[in-house]
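Source file target-v2.cif; content: mmCIF, N, CA and C atoms, pLDDT in the B column; chains and numbers go by the auth columns.
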data_protein
#
loop_
_atom_site.group_PDB
_atom_site.id
_atom_site.type_symbol
_atom_site.label_atom_id
_atom_site.label_comp_id
_atom_site.label_asym_id
_atom_site.label_seq_id
_atom_site.Cartn_x
_atom_site.Cartn_y
_atom_site.Cartn_z
_atom_site.B_iso_or_equiv
_atom_site.auth_seq_id
_atom_site.auth_asym_id
ATOM 1 N N MET A 1 -26.591 23.012 -1.199 85.00 1 A
ATOM 2 C CA MET A 1 -25.695 22.001 -1.726 85.00 1 A
ATOM 3 C C MET A 1 -25.183 21.080 -0.615 85.00 1 A
ATOM 4 N N GLU A 2 -24.992 21.699 0.551 91.00 2 A
ATOM 5 C CA GLU A 2 -24.496 20.919 1.679 91.00 2 A
ATOM 6 C C GLU A 2 -25.545 19.902 2.140 91.00 2 A
ATOM 7 N N LYS A 3 -26.836 20.280 2.058 93.00 3 A
ATOM 8 C CA LYS A 3 -27.903 19.350 2.433 93.00 3 A
ATOM 9 C C LYS A 3 -27.890 18.128 1.534 93.00 3 A
ATOM 10 N N LEU A 4 -27.714 18.356 0.245 94.00 4 A
ATOM 11 C CA LEU A 4 -27.690 17.259 -0.712 94.00 4 A
ATOM 12 C C LEU A 4 -26.520 16.319 -0.424 94.00 4 A
ATOM 13 N N ARG A 5 -25.366 16.894 -0.164 94.00 5 A
ATOM 14 C CA ARG A 5 -24.190 16.080 0.154 94.00 5 A
ATOM 15 C C ARG A 5 -24.417 15.255 1.415 94.00 5 A
ATOM 16 N N ASN A 6 -25.005 15.882 2.436 95.00 6 A
ATOM 17 C CA ASN A 6 -25.271 15.166 3.688 95.00 6 A
ATOM 18 C C ASN A 6 -26.278 14.035 3.479 95.00 6 A
ATOM 19 N N ARG A 7 -27.278 14.273 2.647 96.00 7 A
ATOM 20 C CA ARG A 7 -28.261 13.220 2.374 96.00 7 A
ATOM 21 C C ARG A 7 -27.628 12.066 1.603 96.00 7 A
ATOM 22 N N ILE A 8 -26.779 12.372 0.647 96.00 8 A
ATOM 23 C CA ILE A 8 -26.097 11.316 -0.111 96.00 8 A
ATOM 24 C C ILE A 8 -25.199 10.500 0.810 96.00 8 A
ATOM 25 N N ILE A 9 -24.467 11.165 1.667 96.00 9 A
ATOM 26 C CA ILE A 9 -23.600 10.460 2.619 96.00 9 A
ATOM 27 C C ILE A 9 -24.442 9.590 3.554 96.00 9 A
ATOM 28 N N SER A 10 -25.559 10.128 4.037 97.00 10 A
ATOM 29 C CA SER A 10 -26.437 9.352 4.924 97.00 10 A
ATOM 30 C C SER A 10 -26.999 8.137 4.204 97.00 10 A
ATOM 31 N N LEU A 11 -27.417 8.324 2.957 96.00 11 A
ATOM 32 C CA LEU A 11 -27.954 7.216 2.169 96.00 11 A
ATOM 33 C C LEU A 11 -26.901 6.133 1.968 96.00 11 A
ATOM 34 N N LEU A 12 -25.683 6.546 1.659 96.00 12 A
ATOM 35 C CA LEU A 12 -24.609 5.568 1.467 96.00 12 A
ATOM 36 C C LEU A 12 -24.303 4.812 2.755 96.00 12 A
ATOM 37 N N LEU A 13 -24.333 5.503 3.884 96.00 13 A
ATOM 38 C CA LEU A 13 -24.100 4.835 5.169 96.00 13 A
ATOM 39 C C LEU A 13 -25.199 3.824 5.477 96.00 13 A
ATOM 40 N N VAL A 14 -26.443 4.192 5.219 97.00 14 A
ATOM 41 C CA VAL A 14 -27.560 3.277 5.478 97.00 14 A
ATOM 42 C C VAL A 14 -27.473 2.067 4.546 97.00 14 A
ATOM 43 N N LEU A 15 -27.164 2.300 3.273 95.00 15 A
ATOM 44 C CA LEU A 15 -27.022 1.190 2.336 95.00 15 A
ATOM 45 C C LEU A 15 -25.863 0.269 2.723 95.00 15 A
ATOM 46 N N GLY A 16 -24.761 0.864 3.143 95.00 16 A
ATOM 47 C CA GLY A 16 -23.623 0.051 3.573 95.00 16 A
ATOM 48 C C GLY A 16 -23.948 -0.775 4.807 95.00 16 A
ATOM 49 N N ALA A 17 -24.628 -0.153 5.763 95.00 17 A
ATOM 50 C CA ALA A 17 -25.009 -0.888 6.976 95.00 17 A
ATOM 51 C C ALA A 17 -25.986 -2.005 6.634 95.00 17 A
ATOM 52 N N GLY A 18 -26.906 -1.728 5.729 91.00 18 A
ATOM 53 C CA GLY A 18 -27.854 -2.757 5.307 91.00 18 A
ATOM 54 C C GLY A 18 -27.164 -3.915 4.616 91.00 18 A
ATOM 55 N N ALA A 19 -26.184 -3.617 3.769 92.00 19 A
ATOM 56 C CA ALA A 19 -25.444 -4.672 3.074 92.00 19 A
ATOM 57 C C ALA A 19 -24.645 -5.515 4.064 92.00 19 A
ATOM 58 N N LEU A 20 -24.013 -4.871 5.033 93.00 20 A
ATOM 59 C CA LEU A 20 -23.259 -5.622 6.050 93.00 20 A
ATOM 60 C C LEU A 20 -24.185 -6.481 6.905 93.00 20 A
ATOM 61 N N LEU A 21 -25.328 -5.923 7.280 91.00 21 A
ATOM 62 C CA LEU A 21 -26.289 -6.689 8.070 91.00 21 A
ATOM 63 C C LEU A 21 -26.795 -7.877 7.269 91.00 21 A
ATOM 64 N N TYR A 22 -27.081 -7.656 5.996 89.00 22 A
ATOM 65 C CA TYR A 22 -27.565 -8.742 5.142 89.00 22 A
ATOM 66 C C TYR A 22 -26.509 -9.837 5.028 89.00 22 A
ATOM 67 N N ARG A 23 -25.279 -9.420 4.813 89.00 23 A
ATOM 68 C CA ARG A 23 -24.204 -10.402 4.571 89.00 23 A
ATOM 69 C C ARG A 23 -23.809 -11.159 5.838 89.00 23 A
ATOM 70 N N PHE A 24 -23.647 -10.435 6.938 92.00 24 A
ATOM 71 C CA PHE A 24 -23.095 -11.064 8.139 92.00 24 A
ATOM 72 C C PHE A 24 -24.115 -11.255 9.261 92.00 24 A
ATOM 73 N N GLY A 25 -25.244 -10.585 9.206 91.00 25 A
ATOM 74 C CA GLY A 25 -26.203 -10.647 10.291 91.00 25 A
ATOM 75 C C GLY A 25 -27.328 -11.646 10.076 91.00 25 A
ATOM 76 N N LEU A 26 -27.473 -12.126 8.842 90.00 26 A
ATOM 77 C CA LEU A 26 -28.560 -13.047 8.558 90.00 26 A
ATOM 78 C C LEU A 26 -28.020 -14.445 8.269 90.00 26 A
ATOM 79 N N THR A 27 -28.808 -15.425 8.634 92.00 27 A
ATOM 80 C CA THR A 27 -28.446 -16.802 8.301 92.00 27 A
ATOM 81 C C THR A 27 -28.745 -17.048 6.827 92.00 27 A
ATOM 82 N N LYS A 28 -28.275 -18.174 6.316 92.00 28 A
ATOM 83 C CA LYS A 28 -28.513 -18.506 4.915 92.00 28 A
ATOM 84 C C LYS A 28 -30.001 -18.623 4.628 92.00 28 A
ATOM 85 N N GLU A 29 -30.751 -19.207 5.556 94.00 29 A
ATOM 86 C CA GLU A 29 -32.188 -19.348 5.374 94.00 29 A
ATOM 87 C C GLU A 29 -32.874 -17.984 5.322 94.00 29 A
ATOM 88 N N ALA A 30 -32.434 -17.062 6.178 93.00 30 A
ATOM 89 C CA ALA A 30 -33.020 -15.721 6.190 93.00 30 A
ATOM 90 C C ALA A 30 -32.702 -14.983 4.887 93.00 30 A
ATOM 91 N N ARG A 31 -31.474 -15.119 4.394 92.00 31 A
ATOM 92 C CA ARG A 31 -31.107 -14.490 3.114 92.00 31 A
ATOM 93 C C ARG A 31 -31.934 -15.076 1.977 92.00 31 A
ATOM 94 N N ASP A 32 -32.138 -16.392 1.996 94.00 32 A
ATOM 95 C CA ASP A 32 -32.975 -17.020 0.964 94.00 32 A
ATOM 96 C C ASP A 32 -34.413 -16.505 1.044 94.00 32 A
ATOM 97 N N SER A 33 -34.896 -16.300 2.264 95.00 33 A
ATOM 98 C CA SER A 33 -36.245 -15.782 2.447 95.00 33 A
ATOM 99 C C SER A 33 -36.360 -14.356 1.907 95.00 33 A
ATOM 100 N N VAL A 34 -35.351 -13.548 2.151 92.00 34 A
ATOM 101 C CA VAL A 34 -35.347 -12.172 1.642 92.00 34 A
ATOM 102 C C VAL A 34 -35.322 -12.196 0.112 92.00 34 A
ATOM 103 N N LYS A 35 -34.517 -13.076 -0.458 94.00 35 A
ATOM 104 C CA LYS A 35 -34.461 -13.183 -1.928 94.00 35 A
ATOM 105 C C LYS A 35 -35.809 -13.623 -2.489 94.00 35 A
ATOM 106 N N GLN A 36 -36.490 -14.523 -1.791 97.00 36 A
ATOM 107 C CA GLN A 36 -37.799 -15.002 -2.238 97.00 36 A
ATOM 108 C C GLN A 36 -38.830 -13.871 -2.193 97.00 36 A
ATOM 109 N N VAL A 37 -38.790 -13.059 -1.147 96.00 37 A
ATOM 110 C CA VAL A 37 -39.718 -11.932 -1.044 96.00 37 A
ATOM 111 C C VAL A 37 -39.463 -10.936 -2.177 96.00 37 A
ATOM 112 N N ILE A 38 -38.208 -10.658 -2.448 95.00 38 A
ATOM 113 C CA ILE A 38 -37.865 -9.735 -3.531 95.00 38 A
ATOM 114 C C ILE A 38 -38.329 -10.296 -4.866 95.00 38 A
ATOM 115 N N SER A 39 -38.124 -11.574 -5.079 97.00 39 A
ATOM 116 C CA SER A 39 -38.535 -12.212 -6.326 97.00 39 A
ATOM 117 C C SER A 39 -40.051 -12.181 -6.496 97.00 39 A
ATOM 118 N N SER A 40 -40.794 -12.496 -5.445 97.00 40 A
ATOM 119 C CA SER A 40 -42.255 -12.496 -5.557 97.00 40 A
ATOM 120 C C SER A 40 -42.786 -11.081 -5.746 97.00 40 A
ATOM 121 N N THR A 41 -42.151 -10.102 -5.117 97.00 41 A
ATOM 122 C CA THR A 41 -42.552 -8.709 -5.310 97.00 41 A
ATOM 123 C C THR A 41 -42.301 -8.274 -6.746 97.00 41 A
ATOM 124 N N ARG A 42 -41.153 -8.646 -7.296 97.00 42 A
ATOM 125 C CA ARG A 42 -40.823 -8.316 -8.680 97.00 42 A
ATOM 126 C C ARG A 42 -41.812 -8.974 -9.647 97.00 42 A
ATOM 127 N N ASN A 43 -42.160 -10.235 -9.394 97.00 43 A
ATOM 128 C CA ASN A 43 -43.127 -10.927 -10.252 97.00 43 A
ATOM 129 C C ASN A 43 -44.506 -10.274 -10.195 97.00 43 A
ATOM 130 N N ALA A 44 -44.941 -9.887 -9.000 97.00 44 A
ATOM 131 C CA ALA A 44 -46.237 -9.225 -8.856 97.00 44 A
ATOM 132 C C ALA A 44 -46.240 -7.888 -9.587 97.00 44 A
ATOM 133 N N TYR A 45 -45.159 -7.140 -9.472 96.00 45 A
ATOM 134 C CA TYR A 45 -45.049 -5.854 -10.173 96.00 45 A
ATOM 135 C C TYR A 45 -45.118 -6.062 -11.680 96.00 45 A
ATOM 136 N N ASN A 46 -44.405 -7.066 -12.178 95.00 46 A
ATOM 137 C CA ASN A 46 -44.419 -7.331 -13.622 95.00 46 A
ATOM 138 C C ASN A 46 -45.803 -7.741 -14.106 95.00 46 A
ATOM 139 N N GLN A 47 -46.527 -8.536 -13.315 95.00 47 A
ATOM 140 C CA GLN A 47 -47.883 -8.932 -13.699 95.00 47 A
ATOM 141 C C GLN A 47 -48.825 -7.736 -13.724 95.00 47 A
ATOM 142 N N ILE A 48 -48.734 -6.882 -12.719 94.00 48 A
ATOM 143 C CA ILE A 48 -49.588 -5.690 -12.678 94.00 48 A
ATOM 144 C C ILE A 48 -49.258 -4.775 -13.848 94.00 48 A
ATOM 145 N N GLU A 49 -47.974 -4.589 -14.112 92.00 49 A
ATOM 146 C CA GLU A 49 -47.558 -3.743 -15.234 92.00 49 A
ATOM 147 C C GLU A 49 -48.065 -4.304 -16.561 92.00 49 A
ATOM 148 N N SER A 50 -48.032 -5.617 -16.710 90.00 50 A
ATOM 149 C CA SER A 50 -48.508 -6.254 -17.934 90.00 50 A
ATOM 150 C C SER A 50 -50.007 -6.032 -18.118 90.00 50 A
ATOM 151 N N VAL A 51 -50.769 -6.210 -17.059 88.00 51 A
ATOM 152 C CA VAL A 51 -52.218 -6.019 -17.148 88.00 51 A
ATOM 153 C C VAL A 51 -52.544 -4.566 -17.473 88.00 51 A
ATOM 154 N N LEU A 52 -51.860 -3.637 -16.818 86.00 52 A
ATOM 155 C CA LEU A 52 -52.135 -2.230 -17.068 86.00 52 A
ATOM 156 C C LEU A 52 -51.728 -1.809 -18.476 86.00 52 A
ATOM 157 N N SER A 53 -50.630 -2.328 -18.975 84.00 53 A
ATOM 158 C CA SER A 53 -50.212 -1.961 -20.332 84.00 53 A
ATOM 159 C C SER A 53 -51.142 -2.568 -21.373 84.00 53 A
ATOM 160 N N ASP A 54 -51.719 -3.751 -21.089 79.00 54 A
ATOM 161 C CA ASP A 54 -52.686 -4.344 -22.008 79.00 54 A
ATOM 162 C C ASP A 54 -53.966 -3.522 -22.068 79.00 54 A
ATOM 163 N N MET A 55 -54.327 -2.874 -20.959 78.00 55 A
ATOM 164 C CA MET A 55 -55.572 -2.114 -20.909 78.00 55 A
ATOM 165 C C MET A 55 -55.402 -0.673 -21.379 78.00 55 A
ATOM 166 N N LYS A 56 -54.202 -0.263 -21.708 76.00 56 A
ATOM 167 C CA LYS A 56 -53.949 1.115 -22.115 76.00 56 A
ATOM 168 C C LYS A 56 -54.742 1.439 -23.378 76.00 56 A
ATOM 169 N N GLY A 57 -55.513 2.492 -23.324 74.00 57 A
ATOM 170 C CA GLY A 57 -56.285 2.920 -24.477 74.00 57 A
ATOM 171 C C GLY A 57 -57.616 2.222 -24.648 74.00 57 A
ATOM 172 N N VAL A 58 -57.960 1.310 -23.772 74.00 58 A
ATOM 173 C CA VAL A 58 -59.228 0.590 -23.874 74.00 58 A
ATOM 174 C C VAL A 58 -60.314 1.426 -23.194 74.00 58 A
ATOM 175 N N THR A 59 -61.402 1.652 -23.902 74.00 59 A
ATOM 176 C CA THR A 59 -62.529 2.351 -23.303 74.00 59 A
ATOM 177 C C THR A 59 -63.708 1.395 -23.197 74.00 59 A
ATOM 178 N N VAL A 60 -64.482 1.588 -22.172 74.00 60 A
ATOM 179 C CA VAL A 60 -65.632 0.724 -21.926 74.00 60 A
ATOM 180 C C VAL A 60 -66.893 1.547 -22.124 74.00 60 A
ATOM 181 N N GLU A 61 -67.770 1.056 -22.949 77.00 61 A
ATOM 182 C CA GLU A 61 -69.053 1.713 -23.182 77.00 61 A
ATOM 183 C C GLU A 61 -70.086 1.114 -22.228 77.00 61 A
ATOM 184 N N GLU A 62 -70.743 1.967 -21.476 79.00 62 A
ATOM 185 C CA GLU A 62 -71.765 1.507 -20.550 79.00 62 A
ATOM 186 C C GLU A 62 -73.138 1.731 -21.152 79.00 62 A
ATOM 187 N N ALA A 63 -74.014 0.791 -20.954 83.00 63 A
ATOM 188 C CA ALA A 63 -75.397 0.980 -21.350 83.00 63 A
ATOM 189 C C ALA A 63 -76.067 1.847 -20.283 83.00 63 A
ATOM 190 N N ILE A 64 -76.819 2.840 -20.729 84.00 64 A
ATOM 191 C CA ILE A 64 -77.473 3.738 -19.787 84.00 64 A
ATOM 192 C C ILE A 64 -78.732 3.058 -19.252 84.00 64 A
ATOM 193 N N LEU A 65 -78.818 3.017 -17.946 88.00 65 A
ATOM 194 C CA LEU A 65 -79.991 2.432 -17.296 88.00 65 A
ATOM 195 C C LEU A 65 -81.201 3.340 -17.506 88.00 65 A
ATOM 196 N N PRO A 66 -82.399 2.764 -17.513 89.00 66 A
ATOM 197 C CA PRO A 66 -83.608 3.569 -17.765 89.00 66 A
ATOM 198 C C PRO A 66 -83.789 4.728 -16.780 89.00 66 A
ATOM 199 N N ASN A 67 -83.548 4.492 -15.507 92.00 67 A
ATOM 200 C CA ASN A 67 -83.726 5.577 -14.535 92.00 67 A
ATOM 201 C C ASN A 67 -82.692 6.686 -14.737 92.00 67 A
ATOM 202 N N ARG A 68 -81.491 6.312 -15.155 90.00 68 A
ATOM 203 C CA ARG A 68 -80.478 7.331 -15.423 90.00 68 A
ATOM 204 C C ARG A 68 -80.856 8.141 -16.661 90.00 68 A
ATOM 205 N N ALA A 69 -81.381 7.463 -17.680 90.00 69 A
ATOM 206 C CA ALA A 69 -81.793 8.156 -18.893 90.00 69 A
ATOM 207 C C ALA A 69 -82.918 9.142 -18.591 90.00 69 A
ATOM 208 N N SER A 70 -83.872 8.742 -17.747 93.00 70 A
ATOM 209 C CA SER A 70 -84.968 9.670 -17.417 93.00 70 A
ATOM 210 C C SER A 70 -84.454 10.843 -16.595 93.00 70 A
ATOM 211 N N THR A 71 -83.486 10.600 -15.708 94.00 71 A
ATOM 212 C CA THR A 71 -82.908 11.691 -14.917 94.00 71 A
ATOM 213 C C THR A 71 -82.173 12.667 -15.821 94.00 71 A
ATOM 214 N N ILE A 72 -81.415 12.156 -16.783 92.00 72 A
ATOM 215 C CA ILE A 72 -80.700 13.023 -17.718 92.00 72 A
ATOM 216 C C ILE A 72 -81.683 13.854 -18.533 92.00 72 A
ATOM 217 N N SER A 73 -82.759 13.237 -19.004 93.00 73 A
ATOM 218 C CA SER A 73 -83.742 13.993 -19.795 93.00 73 A
ATOM 219 C C SER A 73 -84.436 15.050 -18.938 93.00 73 A
ATOM 220 N N GLN A 74 -84.690 14.758 -17.672 94.00 74 A
ATOM 221 C CA GLN A 74 -85.289 15.749 -16.777 94.00 74 A
ATOM 222 C C GLN A 74 -84.361 16.940 -16.581 94.00 74 A
ATOM 223 N N TRP A 75 -83.073 16.678 -16.404 94.00 75 A
ATOM 224 C CA TRP A 75 -82.119 17.766 -16.252 94.00 75 A
ATOM 225 C C TRP A 75 -82.034 18.589 -17.537 94.00 75 A
ATOM 226 N N GLU A 76 -82.090 17.925 -18.692 94.00 76 A
ATOM 227 C CA GLU A 76 -82.050 18.652 -19.957 94.00 76 A
ATOM 228 C C GLU A 76 -83.284 19.531 -20.126 94.00 76 A
ATOM 229 N N LYS A 77 -84.442 19.068 -19.686 94.00 77 A
ATOM 230 C CA LYS A 77 -85.673 19.865 -19.750 94.00 77 A
ATOM 231 C C LYS A 77 -85.570 21.100 -18.855 94.00 77 A
ATOM 232 N N LEU A 78 -84.828 20.971 -17.768 92.00 78 A
ATOM 233 C CA LEU A 78 -84.632 22.101 -16.868 92.00 78 A
ATOM 234 C C LEU A 78 -83.568 23.077 -17.374 92.00 78 A
ATOM 235 N N GLY A 79 -82.843 22.661 -18.408 88.00 79 A
ATOM 236 C CA GLY A 79 -81.848 23.565 -19.001 88.00 79 A
ATOM 237 C C GLY A 79 -80.424 23.298 -18.566 88.00 79 A
ATOM 238 N N PHE A 80 -80.186 22.185 -17.972 81.00 80 A
ATOM 239 C CA PHE A 80 -78.824 21.865 -17.532 81.00 80 A
ATOM 240 C C PHE A 80 -78.181 20.854 -18.432 81.00 80 A
#
Starting from the file, lay out its structure as structure tokens.
Amino acid sequence: MEKLRNRIISLLLVLGAGALLYRFGLTKEARDSVKQVISSTRNAYNQIESVLSDMKGVTVEEAILPNRASTISQWEKLGF
């Protein structure tokens, strides 16, 4: 239990230091750049999620190539 408490305290300290650095350590241009990176990352994630959710449940049927079909039949003749 003590480990969990120490990790939570450490996480809060790191988040607080990050917030202070963001607020007082960066120029307005740097903050705008960070916001732009976050926005573009969020947009990319949403696009990927959209594509993956559209493909959910879709199966693709492949045509068997002649050499693959002959290999499969050879294996079946051997008993596999």
**Request:** Would you please extract all alpha helix (DSSP H) residues from chain A, as assigned by DSSP on the backbone, and give them as an MDAnalysis selection string?
**Result:** chainID A and resid 2:20 28:54 66:78
**Request:** Calculate how many Å separate CA of Val34 (chain A) from atom N of Ala19 (chain A), rounding to one decimal.
**Result:** 12.7 Å
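Here atom N of Leu78 (chain A) is placed at a distance of 18.4 Å from atom N of Pro66 (chain A).
As for atom C of Ser53 (chain A) and atom N of Ile38 (chain A), they are spaced 24.3 Å apart.
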Centre and edge lengths, as lines of an AutoDock Vina configuration file, for the axis-aligned box enclosing every listed atom of region 54-67 of chain A with 3 Å of padding on each of the six sides, in Å to one decimal?
center_x = -67.8
center_y = 1.2
center_z = -19.6
size_x = 38.1
size_y = 17.0
size_z = 16.1
